[in-house]
Amino acid sequence: MGLESLHFATNTLCHGEERAWNMFWAQVLCRALGGKIGRSHTGWDIGLRKVKLAEDLRPSRLVGGLKEVPPFFPNIECHQDEVWEVPIGAEVIASSDKTGVEMFTLGKHIMGIQGHPEYTKDILYNLIDRLVSNNCIEKEFAEHTKSRLEMAETDGKIWEKICRNFLKG
């Protein structure tokens, strides 16, 4: 992670703009603010993960407007690194069975999301193929992950609602 990325992240915080960050920027911000990131102790997380909001956040402004708040939100994941410890003052607002910090907020201006709500299955299939061709993951693991994805359902509308509600403040 380069100094330019850390400088950009720190500068963004100083301007107080509401931002929702995907996996990479969530990790950059975490590190820039004194949190800890690193390789997952359980290996790659690729596929669809059930992300659960912290109990004390249900219902909250993040899921406001939903007629019924589901017990979890499916999110596409493709990462080997993760947030181990959020910065002082940040709040973990969601986790999964694989990752202890799926989402965190810092005040009203920063929300980090470990996974990729902006991805589609097709994007993930392409990434999986690239990871295999670059010898980052085994072909058998890739095939097993793809077969599980075929049966899974994503829900970009829920993630869009969460991000929009956060950005509205």
# chains A, B, ... in the order shown; residues from 1 in each chain; ligands from 1

$ closest_atom_pairs --of "region 30-128 of chain A" --to "region 134-138 of chain A" --cutoff "12 Å" --atoms "only C-alpha atoms" --output "JSON lines"
{"residue": "A:Gly43", "atom": "CA", "partner": "A:Ile137", "partner_atom": "CA", "distance": 10.1}
{"residue": "A:Trp44", "atom": "CA", "partner": "A:Ile137", "partner_atom": "CA", "distance": 8.3}
{"residue": "A:Asp45", "atom": "CA", "partner": "A:Ile137", "partner_atom": "CA", "distance": 10.9}
{"residue": "A:Ile46", "atom": "CA", "partner": "A:Ile137", "partner_atom": "CA", "distance": 10.2}
{"residue": "A:Cys78", "atom": "CA", "partner": "A:Ile137", "partner_atom": "CA", "distance": 11.5}
{"residue": "A:His79", "atom": "CA", "partner": "A:Cys136", "partner_atom": "CA", "distance": 11.3}
{"residue": "A:Gln80", "atom": "CA", "partner": "A:Cys136", "partner_atom": "CA", "distance": 10.1}
{"residue": "A:Leu127", "atom": "CA", "partner": "A:Asn134", "partner_atom": "CA", "distance": 10.5}
{"residue": "A:Ile128", "atom": "CA", "partner": "A:Ile137", "partner_atom": "CA", "distance": 8.2}

$ residues_around --residues "Ile37 (chain A)" --least-positions-apart "5" --cutoff "12 Å" --atoms "only C-alpha atoms" --output "list in words"
Met1, Met23, Phe24, Trp25, Ala26, Gln27, Val28, Leu29, Cys30, Arg31, Ala32, Gln80, Asp81, Glu82, Val83, Trp84, Glu85, Val86, Pro87, Thr99, Gly100, Val101 and Gln114 of chain A

$ write_last_selection --atoms "C-alpha atoms" --output "PDB file, in the first residue's frame"
ATOM      1  CA  MET A   1       0.000   0.000   0.000  1.00  0.00           C
ATOM      2  CA  MET A  23     -12.919  -3.251   0.046  1.00  0.00           C
ATOM      3  CA  PHE A  24      -9.595  -1.738  -1.063  1.00  0.00           C
ATOM      4  CA  TRP A  25     -10.321   1.770   0.143  1.00  0.00           C
ATOM      5  CA  ALA A  26     -11.818   0.477   3.389  1.00  0.00           C
ATOM      6  CA  GLN A  27      -8.481  -1.173   4.080  1.00  0.00           C
ATOM      7  CA  VAL A  28      -6.488   1.916   3.044  1.00  0.00           C
ATOM      8  CA  LEU A  29      -8.574   4.145   5.304  1.00  0.00           C
ATOM      9  CA  CYS A  30      -8.327   1.703   8.160  1.00  0.00           C
ATOM     10  CA  ARG A  31      -4.545   1.644   7.938  1.00  0.00           C
ATOM     11  CA  ALA A  32      -4.234   5.399   7.409  1.00  0.00           C
ATOM     12  CA  GLN A  80      -7.323 -12.196   0.586  1.00  0.00           C
ATOM     13  CA  ASP A  81      -6.695  -9.264   2.949  1.00  0.00           C
ATOM     14  CA  GLU A  82      -9.026  -7.976   5.615  1.00  0.00           C
ATOM     15  CA  VAL A  83      -9.420  -5.463   8.399  1.00  0.00           C
ATOM     16  CA  TRP A  84      -8.150  -6.966  11.655  1.00  0.00           C
ATOM     17  CA  GLU A  85      -8.752  -3.988  13.907  1.00  0.00           C
ATOM     18  CA  VAL A  86     -10.681  -0.807  13.127  1.00  0.00           C
ATOM     19  CA  PRO A  87      -9.204   2.608  13.981  1.00  0.00           C
ATOM     20  CA  THR A  99     -14.703 -11.914   8.282  1.00  0.00           C
ATOM     21  CA  GLY A 100     -15.125 -10.126  11.601  1.00  0.00           C
ATOM     22  CA  VAL A 101     -15.207  -6.681   9.986  1.00  0.00           C
ATOM     23  CA  GLN A 114     -15.094  -5.319   2.903  1.00  0.00           C
TER      24      GLN A 114
END

$ select_by_dssp --residues "region 103-151 of chain A" --states "alpha helix (DSSP H)" --output "list in words"
Lys121, Asp122, Ile123, Leu124, Tyr125, Asn126, Leu127, Ile128, Asp129, Arg130, Leu131, Val132, Ser133, Lys139, Glu140, Phe141, Ala142, Glu143, His144, Thr145, Lys146, Ser147, Arg148, Leu149, Glu150 and Met151 of chain A

$ write_last_selection --atoms "N, CA and C atoms" --output "PDB file, in the first residue's frame"
ATOM      1  N   LYS A 121     -22.214 -11.072 -10.711  1.00  0.00           N
ATOM      2  CA  LYS A 121     -21.637 -12.421 -10.807  1.00  0.00           C
ATOM      3  C   LYS A 121     -20.670 -12.511 -11.979  1.00  0.00           C
ATOM      4  N   ASP A 122     -21.013 -11.880 -13.101  1.00  0.00           N
ATOM      5  CA  ASP A 122     -20.135 -11.931 -14.275  1.00  0.00           C
ATOM      6  C   ASP A 122     -18.767 -11.321 -13.982  1.00  0.00           C
ATOM      7  N   ILE A 123     -18.743 -10.217 -13.257  1.00  0.00           N
ATOM      8  CA  ILE A 123     -17.462  -9.615 -12.874  1.00  0.00           C
ATOM      9  C   ILE A 123     -16.667 -10.590 -12.018  1.00  0.00           C
ATOM     10  N   LEU A 124     -17.330 -11.228 -11.065  1.00  0.00           N
ATOM     11  CA  LEU A 124     -16.640 -12.166 -10.186  1.00  0.00           C
ATOM     12  C   LEU A 124     -16.130 -13.382 -10.958  1.00  0.00           C
ATOM     13  N   TYR A 125     -16.932 -13.914 -11.891  1.00  0.00           N
ATOM     14  CA  TYR A 125     -16.469 -15.036 -12.707  1.00  0.00           C
ATOM     15  C   TYR A 125     -15.171 -14.660 -13.429  1.00  0.00           C
ATOM     16  N   ASN A 126     -15.145 -13.456 -13.983  1.00  0.00           N
ATOM     17  CA  ASN A 126     -13.957 -12.981 -14.693  1.00  0.00           C
ATOM     18  C   ASN A 126     -12.754 -12.885 -13.750  1.00  0.00           C
ATOM     19  N   LEU A 127     -12.976 -12.346 -12.560  1.00  0.00           N
ATOM     20  CA  LEU A 127     -11.887 -12.244 -11.588  1.00  0.00           C
ATOM     21  C   LEU A 127     -11.372 -13.623 -11.175  1.00  0.00           C
ATOM     22  N   ILE A 128     -12.274 -14.556 -10.989  1.00  0.00           N
ATOM     23  CA  ILE A 128     -11.874 -15.919 -10.625  1.00  0.00           C
ATOM     24  C   ILE A 128     -10.987 -16.515 -11.713  1.00  0.00           C
ATOM     25  N   ASP A 129     -11.393 -16.331 -12.973  1.00  0.00           N
ATOM     26  CA  ASP A 129     -10.585 -16.844 -14.085  1.00  0.00           C
ATOM     27  C   ASP A 129      -9.195 -16.209 -14.101  1.00  0.00           C
ATOM     28  N   ARG A 130      -9.121 -14.915 -13.831  1.00  0.00           N
ATOM     29  CA  ARG A 130      -7.817 -14.229 -13.785  1.00  0.00           C
ATOM     30  C   ARG A 130      -6.964 -14.745 -12.628  1.00  0.00           C
ATOM     31  N   LEU A 131      -7.585 -14.995 -11.474  1.00  0.00           N
ATOM     32  CA  LEU A 131      -6.837 -15.511 -10.331  1.00  0.00           C
ATOM     33  C   LEU A 131      -6.266 -16.899 -10.630  1.00  0.00           C
ATOM     34  N   VAL A 132      -7.025 -17.727 -11.349  1.00  0.00           N
ATOM     35  CA  VAL A 132      -6.535 -19.051 -11.735  1.00  0.00           C
ATOM     36  C   VAL A 132      -5.386 -18.905 -12.731  1.00  0.00           C
ATOM     37  N   SER A 133      -5.564 -18.066 -13.747  1.00  0.00           N
ATOM     38  CA  SER A 133      -4.521 -17.939 -14.770  1.00  0.00           C
ATOM     39  C   SER A 133      -3.235 -17.321 -14.213  1.00  0.00           C
ATOM     40  N   LYS A 139      -7.366 -24.306  -9.475  1.00  0.00           N
ATOM     41  CA  LYS A 139      -8.481 -24.470 -10.414  1.00  0.00           C
ATOM     42  C   LYS A 139      -9.673 -25.154  -9.750  1.00  0.00           C
ATOM     43  N   GLU A 140      -9.422 -26.148  -8.902  1.00  0.00           N
ATOM     44  CA  GLU A 140     -10.506 -26.873  -8.230  1.00  0.00           C
ATOM     45  C   GLU A 140     -11.292 -25.931  -7.309  1.00  0.00           C
ATOM     46  N   PHE A 141     -10.569 -25.092  -6.591  1.00  0.00           N
ATOM     47  CA  PHE A 141     -11.213 -24.105  -5.719  1.00  0.00           C
ATOM     48  C   PHE A 141     -12.075 -23.151  -6.550  1.00  0.00           C
ATOM     49  N   ALA A 142     -11.545 -22.721  -7.684  1.00  0.00           N
ATOM     50  CA  ALA A 142     -12.275 -21.814  -8.571  1.00  0.00           C
ATOM     51  C   ALA A 142     -13.553 -22.463  -9.093  1.00  0.00           C
ATOM     52  N   GLU A 143     -13.465 -23.701  -9.532  1.00  0.00           N
ATOM     53  CA  GLU A 143     -14.634 -24.400 -10.066  1.00  0.00           C
ATOM     54  C   GLU A 143     -15.696 -24.602  -8.985  1.00  0.00           C
ATOM     55  N   HIS A 144     -15.255 -24.968  -7.792  1.00  0.00           N
ATOM     56  CA  HIS A 144     -16.186 -25.152  -6.680  1.00  0.00           C
ATOM     57  C   HIS A 144     -16.879 -23.815  -6.341  1.00  0.00           C
ATOM     58  N   THR A 145     -16.116 -22.743  -6.335  1.00  0.00           N
ATOM     59  CA  THR A 145     -16.673 -21.416  -6.041  1.00  0.00           C
ATOM     60  C   THR A 145     -17.679 -21.008  -7.112  1.00  0.00           C
ATOM     61  N   LYS A 146     -17.342 -21.226  -8.361  1.00  0.00           N
ATOM     62  CA  LYS A 146     -18.259 -20.885  -9.456  1.00  0.00           C
ATOM     63  C   LYS A 146     -19.561 -21.687  -9.371  1.00  0.00           C
ATOM     64  N   SER A 147     -19.459 -22.959  -9.035  1.00  0.00           N
ATOM     65  CA  SER A 147     -20.676 -23.776  -8.961  1.00  0.00           C
ATOM     66  C   SER A 147     -21.583 -23.299  -7.823  1.00  0.00           C
ATOM     67  N   ARG A 148     -21.005 -22.892  -6.706  1.00  0.00           N
ATOM     68  CA  ARG A 148     -21.824 -22.342  -5.609  1.00  0.00           C
ATOM     69  C   ARG A 148     -22.461 -21.018  -6.017  1.00  0.00           C
ATOM     70  N   LEU A 149     -21.746 -20.228  -6.802  1.00  0.00           N
ATOM     71  CA  LEU A 149     -22.278 -18.941  -7.249  1.00  0.00           C
ATOM     72  C   LEU A 149     -23.481 -19.092  -8.175  1.00  0.00           C
ATOM     73  N   GLU A 150     -23.485 -20.134  -8.972  1.00  0.00           N
ATOM     74  CA  GLU A 150     -24.581 -20.346  -9.924  1.00  0.00           C
ATOM     75  C   GLU A 150     -25.925 -20.444  -9.216  1.00  0.00           C
ATOM     76  N   MET A 151     -25.931 -20.991  -8.015  1.00  0.00           N
ATOM     77  CA  MET A 151     -27.181 -21.164  -7.269  1.00  0.00           C
ATOM     78  C   MET A 151     -27.492 -19.971  -6.362  1.00  0.00           C
TER      79      MET A 151
END

$ atom_distance --atom1 "CA of Thr120 (chain A)" --atom2 "CA of Trp159 (chain A)"
12.3 Å

$ closest_residue --among "A:His116, A:Lys98, A:Lys157, A:Lys168" --to "Ser40 (chain A)" --atoms "only C-alpha atoms"
A:Lys98

$ select_by_dssp --residues "region 77-162 of chain A" --states "strand (DSSP E or B)" --output "MDAnalysis selection string"
chainID A and resid 77:79 81:85 91:95 103:106 110:113

$ atom_distance --atom1 "CA of Gly89 (chain A)" --atom2 "CA of Leu106 (chain A)"
6.4 Å
